[in-house]
>>> print(open('start_24.cif').read())   # mmCIF, C-alpha atoms
data_coords
#
loop_
_atom_site.label_atom_id
_atom_site.label_comp_id
_atom_site.auth_asym_id
_atom_site.auth_seq_id
_atom_site.Cartn_x
_atom_site.Cartn_y
_atom_site.Cartn_z
CA MET D 1 12.20 6.55 15.20
CA PHE D 2 12.12 3.17 13.48
CA VAL D 3 12.01 2.27 9.77
CA VAL D 4 10.32 -0.85 8.43
CA ASP D 5 11.28 -2.52 5.15
CA TYR D 6 9.36 -5.21 3.30
CA VAL D 7 9.28 -8.60 4.94
CA GLY D 8 11.78 -10.87 3.18
CA SER D 9 15.48 -11.12 2.55
CA THR D 10 17.64 -8.80 0.48
CA GLU D 11 17.33 -11.34 -2.33
CA GLY D 12 14.22 -12.85 -3.82
CA PRO D 13 10.56 -11.81 -3.61
CA GLN D 14 9.56 -9.56 -0.76
CA SER D 15 6.07 -8.88 0.54
CA TYR D 16 5.25 -6.03 -1.82
CA ILE D 17 1.55 -5.13 -1.52
CA ASP D 18 0.94 -7.79 1.11
CA ASN D 19 -0.71 -5.17 3.29
CA VAL D 20 -1.58 -7.53 6.11
CA GLU D 21 2.04 -8.64 6.43
CA ALA D 22 3.18 -5.02 6.17
CA GLY D 23 0.75 -3.95 8.89
CA HIS D 24 2.02 -6.72 11.14
CA ALA D 25 5.60 -5.59 10.44
CA MET D 26 4.74 -2.03 11.48
CA LEU D 27 3.19 -3.23 14.72
CA ASP D 28 6.02 -5.68 15.43
CA ALA D 29 8.56 -2.90 14.94
CA ALA D 30 6.58 -0.54 17.16
CA ARG D 31 6.44 -3.19 19.87
CA ALA D 32 10.22 -3.71 19.64
CA ALA D 33 10.92 0.04 19.60
CA SER D 34 8.81 0.46 22.74
CA ASN D 35 11.15 -1.82 24.67
CA VAL D 36 14.54 -0.20 24.05
CA THR D 37 16.45 2.42 26.00
CA TYR D 38 14.49 5.64 26.68
CA THR D 39 11.15 4.12 25.65
CA SER D 40 8.50 1.96 27.30
CA PRO D 41 5.24 0.25 26.29
CA LYS D 42 3.55 3.53 27.24
CA THR D 43 5.58 5.55 24.75
CA PRO D 44 3.19 7.03 22.15
CA VAL D 45 3.63 5.69 18.63
CA GLY D 46 2.69 7.16 15.25
CA PHE D 47 2.89 5.48 11.85
CA PHE D 48 4.11 7.40 8.80
CA GLY D 49 4.11 6.12 5.23
CA TYR D 50 3.38 6.85 1.60
CA SER D 51 2.38 4.53 -1.28
CA GLN D 52 3.26 0.99 -0.12
CA GLY D 53 4.30 2.65 3.11
CA GLY D 54 0.88 4.29 3.27
CA SER D 55 -0.73 0.88 2.84
CA ALA D 56 1.42 -0.49 5.66
CA SER D 57 0.53 2.49 7.85
CA ALA D 58 -3.17 1.96 7.12
CA SER D 59 -3.03 -1.74 7.90
CA GLY D 60 -1.10 -1.01 11.06
CA THR D 61 -4.13 0.97 12.28
CA THR D 62 -6.79 -1.49 11.11
CA LEU D 63 -4.99 -4.51 12.57
CA HIS D 64 -3.77 -2.76 15.72
CA LYS D 65 -6.45 -3.87 18.17
CA ILE D 66 -6.51 -7.49 17.05
CA TYR D 67 -2.77 -8.00 16.50
CA ALA D 68 -0.89 -5.72 18.91
CA PRO D 69 -3.24 -3.94 21.33
CA ASP D 70 -0.29 -3.43 23.67
CA VAL D 71 1.25 -0.89 21.26
CA ASN D 72 0.38 2.66 22.33
CA LEU D 73 -0.55 3.81 18.83
CA ILE D 74 -2.05 7.30 18.75
CA THR D 75 -2.21 8.27 15.07
CA ALA D 76 -0.99 7.60 11.53
CA TYR D 77 -0.12 9.38 8.32
CA ILE D 78 -1.53 7.33 5.44
CA GLY D 79 -0.26 8.74 2.17
CA GLY D 80 -1.29 7.46 -1.28
CA PRO D 81 -2.31 4.02 0.00
CA ALA D 82 -3.02 1.03 -2.23
CA LEU D 83 -6.05 -0.40 -0.43
CA ASP D 84 -8.14 -2.15 -3.09
CA LEU D 85 -5.39 -4.13 -4.78
CA LYS D 86 -7.54 -5.43 -7.63
CA LYS D 87 -8.31 -1.86 -8.69
CA VAL D 88 -4.64 -0.91 -8.37
CA LEU D 89 -3.58 -3.84 -10.58
CA ARG D 90 -5.95 -2.61 -13.29
CA LEU D 91 -4.75 1.00 -13.15
CA ILE D 92 -1.03 0.24 -13.03
CA ASP D 93 -1.11 -2.11 -16.02
CA GLY D 94 0.77 -0.69 -18.99
CA THR D 95 2.30 2.21 -17.06
CA MET D 96 5.91 3.15 -16.47
CA ILE D 97 5.89 0.99 -13.35
CA THR D 98 3.98 -2.07 -14.53
CA ALA D 99 6.73 -3.93 -12.67
CA ALA D 100 4.99 -3.11 -9.39
CA ALA D 101 2.20 -5.49 -10.42
CA LEU D 102 4.83 -8.15 -11.10
CA TYR D 103 6.43 -7.49 -7.71
CA ALA D 104 3.03 -8.08 -6.13
CA LEU D 105 2.54 -11.36 -7.95
CA ASN D 106 6.03 -12.54 -7.04
CA GLY D 107 5.45 -11.72 -3.39
CA ILE D 108 2.09 -13.52 -3.32
CA ASN D 109 3.49 -16.53 -5.16
CA ALA D 110 6.41 -16.83 -2.74
CA ARG D 111 4.02 -17.09 0.19
CA TYR D 112 1.08 -19.04 -1.22
CA PRO D 113 1.87 -22.21 -3.19
CA ALA D 114 -1.63 -22.34 -4.67
CA ALA D 115 -1.17 -18.84 -6.10
CA ALA D 116 2.24 -19.81 -7.51
CA ALA D 117 0.73 -22.84 -9.24
CA TYR D 118 -2.10 -20.72 -10.67
CA THR D 119 0.26 -18.03 -11.96
CA ASP D 120 2.52 -20.64 -13.53
CA GLN D 121 -0.43 -22.03 -15.49
CA LEU D 122 -1.60 -18.54 -16.42
CA ALA D 123 1.68 -16.97 -17.59
CA ASN D 124 3.19 -17.61 -20.98
CA GLU D 125 6.93 -17.99 -21.52
CA LYS D 126 7.48 -14.25 -21.76
CA GLY D 127 5.46 -13.73 -18.60
CA ARG D 128 7.40 -16.30 -16.61
CA GLU D 129 10.69 -14.85 -17.82
CA LEU D 130 9.71 -11.29 -16.90
CA LEU D 131 8.40 -12.31 -13.48
CA ASP D 132 11.71 -14.02 -12.84
CA GLU D 133 13.72 -11.06 -14.17
CA VAL D 134 12.16 -8.47 -11.86
CA LYS D 135 12.31 -10.77 -8.84
CA ASP D 136 15.58 -9.29 -7.54
CA GLN D 137 15.25 -5.80 -9.03
CA CYS D 138 14.52 -2.38 -7.62
CA ILE D 139 12.11 -0.10 -9.44
CA ALA D 140 14.79 1.81 -11.38
CA ASP D 141 16.02 -1.43 -12.93
CA SER D 142 12.49 -2.67 -13.52
CA ILE D 143 11.53 0.45 -15.44
CA LEU D 144 14.06 -0.68 -18.03
CA SER D 145 12.70 -4.24 -17.90
CA ALA D 146 8.96 -3.69 -17.82
CA ALA D 147 7.97 -0.08 -18.44
CA PHE D 148 4.64 0.19 -20.31
CA VAL D 149 4.32 -3.58 -20.67
CA GLU D 150 0.68 -4.62 -20.84
CA THR D 151 0.22 -7.81 -18.88
CA LYS D 152 -2.10 -9.26 -21.49
CA SER D 153 1.11 -9.93 -23.43
CA LEU D 154 2.32 -12.07 -20.51
CA THR D 155 -0.57 -14.56 -20.33
CA LYS D 156 -1.45 -17.60 -22.38
CA ASP D 157 -5.03 -16.46 -23.02
CA GLY D 158 -4.14 -12.83 -23.82
CA LYS D 159 -6.10 -11.46 -20.87
CA PRO D 160 -4.30 -9.21 -18.37
CA PHE D 161 -3.38 -10.20 -14.86
CA TYR D 162 -5.94 -7.80 -13.42
CA TYR D 163 -8.71 -9.58 -15.33
CA HIS D 164 -7.72 -12.90 -13.81
CA ALA D 165 -7.40 -11.34 -10.34
CA ASP D 166 -11.08 -10.41 -10.60
CA GLN D 167 -12.30 -13.93 -11.47
CA PRO D 168 -13.14 -16.76 -9.05
CA ASN D 169 -9.67 -18.12 -8.25
CA VAL D 170 -6.97 -18.09 -5.61
CA LEU D 171 -5.63 -14.64 -6.58
CA ASN D 172 -9.08 -13.14 -6.21
CA ASP D 173 -9.51 -14.82 -2.83
CA LEU D 174 -6.19 -13.50 -1.53
CA LEU D 175 -6.72 -9.92 -2.74
CA THR D 176 -10.28 -9.87 -1.42
CA ALA D 177 -8.98 -10.98 1.97
CA GLN D 178 -6.45 -8.13 1.88
CA LEU D 179 -9.20 -5.59 1.19
CA ARG D 180 -11.38 -6.98 3.97
CA GLU D 181 -8.59 -6.44 6.51
CA ALA D 182 -7.81 -2.97 5.13
CA MET D 183 -11.44 -1.93 5.58
CA ARG D 184 -11.57 -2.66 9.30
CA LYS D 185 -12.07 0.47 11.37
CA PRO D 186 -8.74 2.18 12.08
CA SER D 187 -7.99 2.15 15.80
CA VAL D 188 -6.75 5.76 15.88
CA PRO D 189 -7.40 9.09 14.13
CA ALA D 190 -5.40 9.45 10.93
CA LEU D 191 -4.36 11.79 8.14
CA VAL D 192 -5.01 10.43 4.64
CA VAL D 193 -3.41 12.23 1.70
CA ALA D 194 -4.56 11.36 -1.83
CA SER D 195 -3.98 12.98 -5.20
CA PRO D 196 -7.18 13.17 -7.30
CA TYR D 197 -4.95 12.75 -10.37
CA ASP D 198 -3.05 9.72 -9.10
CA ASP D 199 -2.47 7.54 -12.18
CA ILE D 200 -0.89 4.62 -10.34
CA VAL D 201 -2.70 3.90 -7.08
CA GLY D 202 -5.91 5.66 -8.07
CA TYR D 203 -7.90 8.28 -6.18
CA PRO D 204 -11.33 6.54 -6.19
CA GLN D 205 -10.15 3.53 -4.20
CA MET D 206 -8.38 5.78 -1.68
CA GLN D 207 -11.47 7.96 -1.26
CA ALA D 208 -13.69 4.88 -0.97
CA GLY D 209 -11.41 3.48 1.72
CA ALA D 210 -11.53 6.69 3.75
CA ASP D 211 -15.32 6.90 3.33
CA THR D 212 -15.68 3.33 4.60
CA TRP D 213 -13.51 4.07 7.63
CA CYS D 214 -15.55 7.18 8.41
CA LYS D 215 -18.82 5.26 8.16
CA LYS D 216 -17.42 2.84 10.73
CA GLY D 217 -16.70 5.71 13.12
CA ALA D 218 -13.05 6.46 12.44
CA LYS D 219 -11.74 10.03 12.66
CA ILE D 220 -10.07 10.74 9.33
CA LYS D 221 -8.55 14.00 8.09
CA PHE D 222 -8.74 13.45 4.34
CA VAL D 223 -6.66 15.82 2.21
CA ARG D 224 -7.05 16.05 -1.56
CA PHE D 225 -3.46 16.87 -2.49
CA ILE D 226 -3.53 18.33 -5.99
CA VAL D 227 -0.70 17.28 -8.30
CA LYS D 228 -1.54 17.37 -11.99
CA SER D 229 0.29 15.73 -14.86
CA ASN D 230 -0.46 15.86 -18.56
CA ILE D 231 1.23 12.52 -19.14
CA GLU D 232 -0.71 9.54 -17.85
CA GLY D 233 1.05 6.38 -16.81
CA MET D 234 4.27 8.12 -15.79
CA ALA D 235 3.45 8.01 -12.06
CA ILE D 236 4.13 11.74 -11.69
CA SER D 237 0.92 12.54 -9.80
CA HIS D 238 1.54 9.62 -7.49
CA LEU D 239 5.25 10.08 -6.85
CA ILE D 240 5.53 13.85 -6.36
CA PRO D 241 3.46 13.89 -3.13
CA THR D 242 5.93 11.37 -1.70
CA PHE D 243 8.08 14.43 -1.10
CA THR D 244 5.85 17.50 -1.35
CA ALA D 245 3.25 16.24 1.13
CA VAL D 246 5.89 15.59 3.81
CA PRO D 247 5.70 19.06 5.45
CA LEU D 248 1.93 18.72 5.75
CA ALA D 249 2.30 15.23 7.21
CA ILE D 250 4.99 16.29 9.70
CA ASP D 251 2.89 19.24 10.88
CA TYR D 252 -0.01 16.85 11.39
CA MET D 253 2.14 14.39 13.36
CA LEU D 254 3.53 17.16 15.58
CA ASP D 255 0.01 18.34 16.34
CA ALA D 256 -1.08 14.77 17.03
CA PHE D 257 1.75 14.16 19.49
CA ASN D 258 0.75 17.39 21.22
CA GLY D 259 -2.81 16.22 21.70
CA LYS D 260 -4.41 17.86 18.64
CA LEU D 261 -6.03 14.84 16.98
CA PRO D 262 -8.94 14.82 14.54
CA THR D 263 -12.27 14.50 16.35
CA GLU D 264 -14.37 13.97 13.23
CA CYS D 265 -14.01 13.18 9.54
CA THR D 266 -13.08 16.17 7.41
CA VAL D 267 -12.17 16.74 3.76
CA SER D 268 -9.93 19.54 2.55
CA THR D 269 -7.90 20.44 -0.53
CA VAL D 270 -4.28 21.49 -0.85
CA GLU D 271 -3.05 22.87 -4.19
#
>>> encode(input="start_24.cif", output="structure tokens")
Amino acid sequence: MFVVDYVGSTEGPQSYIDNVEAGHAMLDAARAASNVTYTSPKTPVGFFGYSQGGSASASGTTLHKIYAPDVNLITAYIGGPALDLKKVLRLIDGTMITAAALYALNGINARYPAAAAYTDQLANEKGRELLDEVKDQCIADSILSAAFVETKSLTKDGKPFYYHADQPNVLNDLLTAQLREAMRKPSVPALVVASPYDDIVGYPQMQAGADTWCKKGAKIKFVRFIVKSNIEGMAISHLIPTFTAVPLAIDYMLDAFNGKLPTECTVSTVE
């Protein structure tokens, strides 16, 4: 077993929501793990992740054939994935974990100078200060820093970051490129778990992603994992399946490694 963290150091912006980079990291790690004691390049590999990890797992499958075809990938668990990042930015704005949107901007800005210059012109003083404050934080700290902040309060023109990410500019270009890579056909059958009540990542973009993969010929077991919450913006319906969907995902992976892989696209519901 190998575990992949975000690309980047233990200090400063990491590649949060850079799904292409995360997919490459998954494949790089799989390649390395296939060349240590007791393994070989023929050793079967499965990806397993939820939320940002689900996005990385998804991108690992869509980039597999063009980036690391030598990896013997056989399946993936893709839980709660953020695939259409522009839609996720809109939904997450003003929630308990608004900071995740700021993490994403910091990660993009650290890698693309044009995006950093655009964000610097866009953000007001409060915005620049908050972006800098969360740069070295984990989510627990950032809840205290940025919970329920609406990003329209962080821009000079009073329009939220997600509005600007949907206009013709460098942020739009980068996020559109991320979606294009995420919508390639997955190279292997996969389990996708999505909560219809997800108030952070959003069910419609997850369902749309799975539908697109299926139309391209992928074999996807799509599970509607029901977790309800009466309090929107608290991330409850998104975070609970991180743990409660694990038994389902492990059973799927065990079946997959024993040759029982999806042969068609299916949709089911777990309550």
>>> residues_around(input="start_24.cif", residues="segment 16-30 of chain D", least_positions_apart="6", cutoff="10 Å", atoms="only C-alpha atoms", output="ChimeraX atom specification")
/D:1-8,41,43-48,51-64,67-73,81-83,85,100-108,111,174-175,177-179,181-182
>>> atom_distance(input="start_24.cif", atom1="atom CA of Ala235 of chain D", atom2="atom CA of Pro13 of chain D")
22.7 Å
>>> atom_distance(input="start_24.cif", atom1="atom CA of Ser145 of chain D", atom2="atom CA of Asp157 of chain D")
22.1 Å
>>> atom_distance(input="start_24.cif", atom1="atom CA of Ile200 of chain D", atom2="atom CA of Ile92 of chain D")
5.1 Å
>>> axis_aligned_box(input="start_24.cif", around="segment 238-249 of chain D", padding_each_side="5 Å", output="AutoDock Vina command-line options")
--center_x 4.8 --center_y 14.3 --center_z -0.1 --size_x 16.5 --size_y 19.4 --size_z 24.7
>>> resolve_selection(input="start_24.cif", expression="the PyMOL selection byres ((chain D and resi 211) around 12)", output="list of chain:residue names")
D:Met183, D:Arg184, D:Lys185, D:Pro186, D:Val192, D:Pro204, D:Gln205, D:Met206, D:Gln207, D:Ala208, D:Gly209, D:Ala210, D:Thr212, D:Trp213, D:Cys214, D:Lys215, D:Lys216, D:Gly217, D:Ala218, D:Lys219, D:Ile220, D:Lys221, D:Phe222, D:Cys265, D:Thr266, D:Val267
>>> residues_around(input="start_24.cif", residues="Asn124 of chain D", least_positions_apart="4", cutoff="10 Å", atoms="only C-alpha atoms", output="list in words")
Thr119, Asp120, Arg128, Glu129, Leu130, Lys152, Ser153, Leu154, Thr155, Lys156, Asp157 and Gly158 of chain D
>>> resolve_selection(input="start_24.cif", expression="the PyMOL selection byres ((chain D and resi 225) around 12)", output="PyMOL selection string")
chain D and resi 79-80+191-198+203+222-224+226-228+237-246+248-249+267-271
>>> decode(input="start_24.cif", residues="segment 236-256 of chain D", atoms="N, CA and C atoms", output="PDB file, in the first residue's frame")
ATOM      1  N   ILE D 236     -21.453  18.421   6.195  1.00  0.00           N
ATOM      2  CA  ILE D 236     -21.785  17.141   6.830  1.00  0.00           C
ATOM      3  C   ILE D 236     -22.036  16.052   5.791  1.00  0.00           C
ATOM      4  N   SER D 237     -22.843  16.363   4.781  1.00  0.00           N
ATOM      5  CA  SER D 237     -23.198  15.358   3.777  1.00  0.00           C
ATOM      6  C   SER D 237     -22.020  14.987   2.887  1.00  0.00           C
ATOM      7  N   HIS D 238     -21.022  15.842   2.862  1.00  0.00           N
ATOM      8  CA  HIS D 238     -19.815  15.521   2.109  1.00  0.00           C
ATOM      9  C   HIS D 238     -18.816  14.742   2.949  1.00  0.00           C
ATOM     10  N   LEU D 239     -18.666  15.132   4.218  1.00  0.00           N
ATOM     11  CA  LEU D 239     -17.606  14.553   5.035  1.00  0.00           C
ATOM     12  C   LEU D 239     -17.949  13.181   5.613  1.00  0.00           C
ATOM     13  N   ILE D 240     -19.212  12.953   5.973  1.00  0.00           N
ATOM     14  CA  ILE D 240     -19.559  11.680   6.606  1.00  0.00           C
ATOM     15  C   ILE D 240     -19.222  10.469   5.728  1.00  0.00           C
ATOM     16  N   PRO D 241     -19.503  10.499   4.416  1.00  0.00           N
ATOM     17  CA  PRO D 241     -19.136   9.340   3.597  1.00  0.00           C
ATOM     18  C   PRO D 241     -17.635   9.070   3.524  1.00  0.00           C
ATOM     19  N   THR D 242     -16.821  10.055   3.888  1.00  0.00           N
ATOM     20  CA  THR D 242     -15.375   9.805   3.961  1.00  0.00           C
ATOM     21  C   THR D 242     -15.106   8.547   4.766  1.00  0.00           C
ATOM     22  N   PHE D 243     -15.912   8.353   5.810  1.00  0.00           N
ATOM     23  CA  PHE D 243     -15.731   7.222   6.717  1.00  0.00           C
ATOM     24  C   PHE D 243     -16.763   6.124   6.475  1.00  0.00           C
ATOM     25  N   THR D 244     -18.030   6.513   6.336  1.00  0.00           N
ATOM     26  CA  THR D 244     -19.093   5.505   6.282  1.00  0.00           C
ATOM     27  C   THR D 244     -19.143   4.753   4.959  1.00  0.00           C
ATOM     28  N   ALA D 245     -18.557   5.309   3.905  1.00  0.00           N
ATOM     29  CA  ALA D 245     -18.542   4.606   2.622  1.00  0.00           C
ATOM     30  C   ALA D 245     -17.337   3.672   2.482  1.00  0.00           C
ATOM     31  N   VAL D 246     -16.442   3.706   3.463  1.00  0.00           N
ATOM     32  CA  VAL D 246     -15.223   2.894   3.371  1.00  0.00           C
ATOM     33  C   VAL D 246     -15.510   1.398   3.274  1.00  0.00           C
ATOM     34  N   PRO D 247     -16.408   0.816   4.102  1.00  0.00           N
ATOM     35  CA  PRO D 247     -16.665  -0.620   3.966  1.00  0.00           C
ATOM     36  C   PRO D 247     -17.147  -1.002   2.565  1.00  0.00           C
ATOM     37  N   LEU D 248     -18.033  -0.182   2.003  1.00  0.00           N
ATOM     38  CA  LEU D 248     -18.501  -0.429   0.643  1.00  0.00           C
ATOM     39  C   LEU D 248     -17.339  -0.403  -0.351  1.00  0.00           C
ATOM     40  N   ALA D 249     -16.478   0.602  -0.194  1.00  0.00           N
ATOM     41  CA  ALA D 249     -15.347   0.757  -1.109  1.00  0.00           C
ATOM     42  C   ALA D 249     -14.350  -0.394  -0.971  1.00  0.00           C
ATOM     43  N   ILE D 250     -14.095  -0.835   0.259  1.00  0.00           N
ATOM     44  CA  ILE D 250     -13.159  -1.946   0.472  1.00  0.00           C
ATOM     45  C   ILE D 250     -13.714  -3.238  -0.120  1.00  0.00           C
ATOM     46  N   ASP D 251     -15.019  -3.475   0.084  1.00  0.00           N
ATOM     47  CA  ASP D 251     -15.631  -4.668  -0.510  1.00  0.00           C
ATOM     48  C   ASP D 251     -15.491  -4.636  -2.033  1.00  0.00           C
ATOM     49  N   TYR D 252     -15.710  -3.457  -2.605  1.00  0.00           N
ATOM     50  CA  TYR D 252     -15.566  -3.319  -4.055  1.00  0.00           C
ATOM     51  C   TYR D 252     -14.134  -3.638  -4.487  1.00  0.00           C
ATOM     52  N   MET D 253     -13.155  -3.085  -3.779  1.00  0.00           N
ATOM     53  CA  MET D 253     -11.754  -3.289  -4.154  1.00  0.00           C
ATOM     54  C   MET D 253     -11.369  -4.764  -4.019  1.00  0.00           C
ATOM     55  N   LEU D 254     -11.844  -5.425  -2.977  1.00  0.00           N
ATOM     56  CA  LEU D 254     -11.545  -6.845  -2.811  1.00  0.00           C
ATOM     57  C   LEU D 254     -12.120  -7.653  -3.965  1.00  0.00           C
ATOM     58  N   ASP D 255     -13.355  -7.340  -4.337  1.00  0.00           N
ATOM     59  CA  ASP D 255     -13.955  -8.020  -5.488  1.00  0.00           C
ATOM     60  C   ASP D 255     -13.148  -7.762  -6.750  1.00  0.00           C
ATOM     61  N   ALA D 256     -12.735  -6.495  -6.932  1.00  0.00           N
ATOM     62  CA  ALA D 256     -11.993  -6.123  -8.136  1.00  0.00           C
ATOM     63  C   ALA D 256     -10.674  -6.885  -8.226  1.00  0.00           C
TER      64      ALA D 256
END
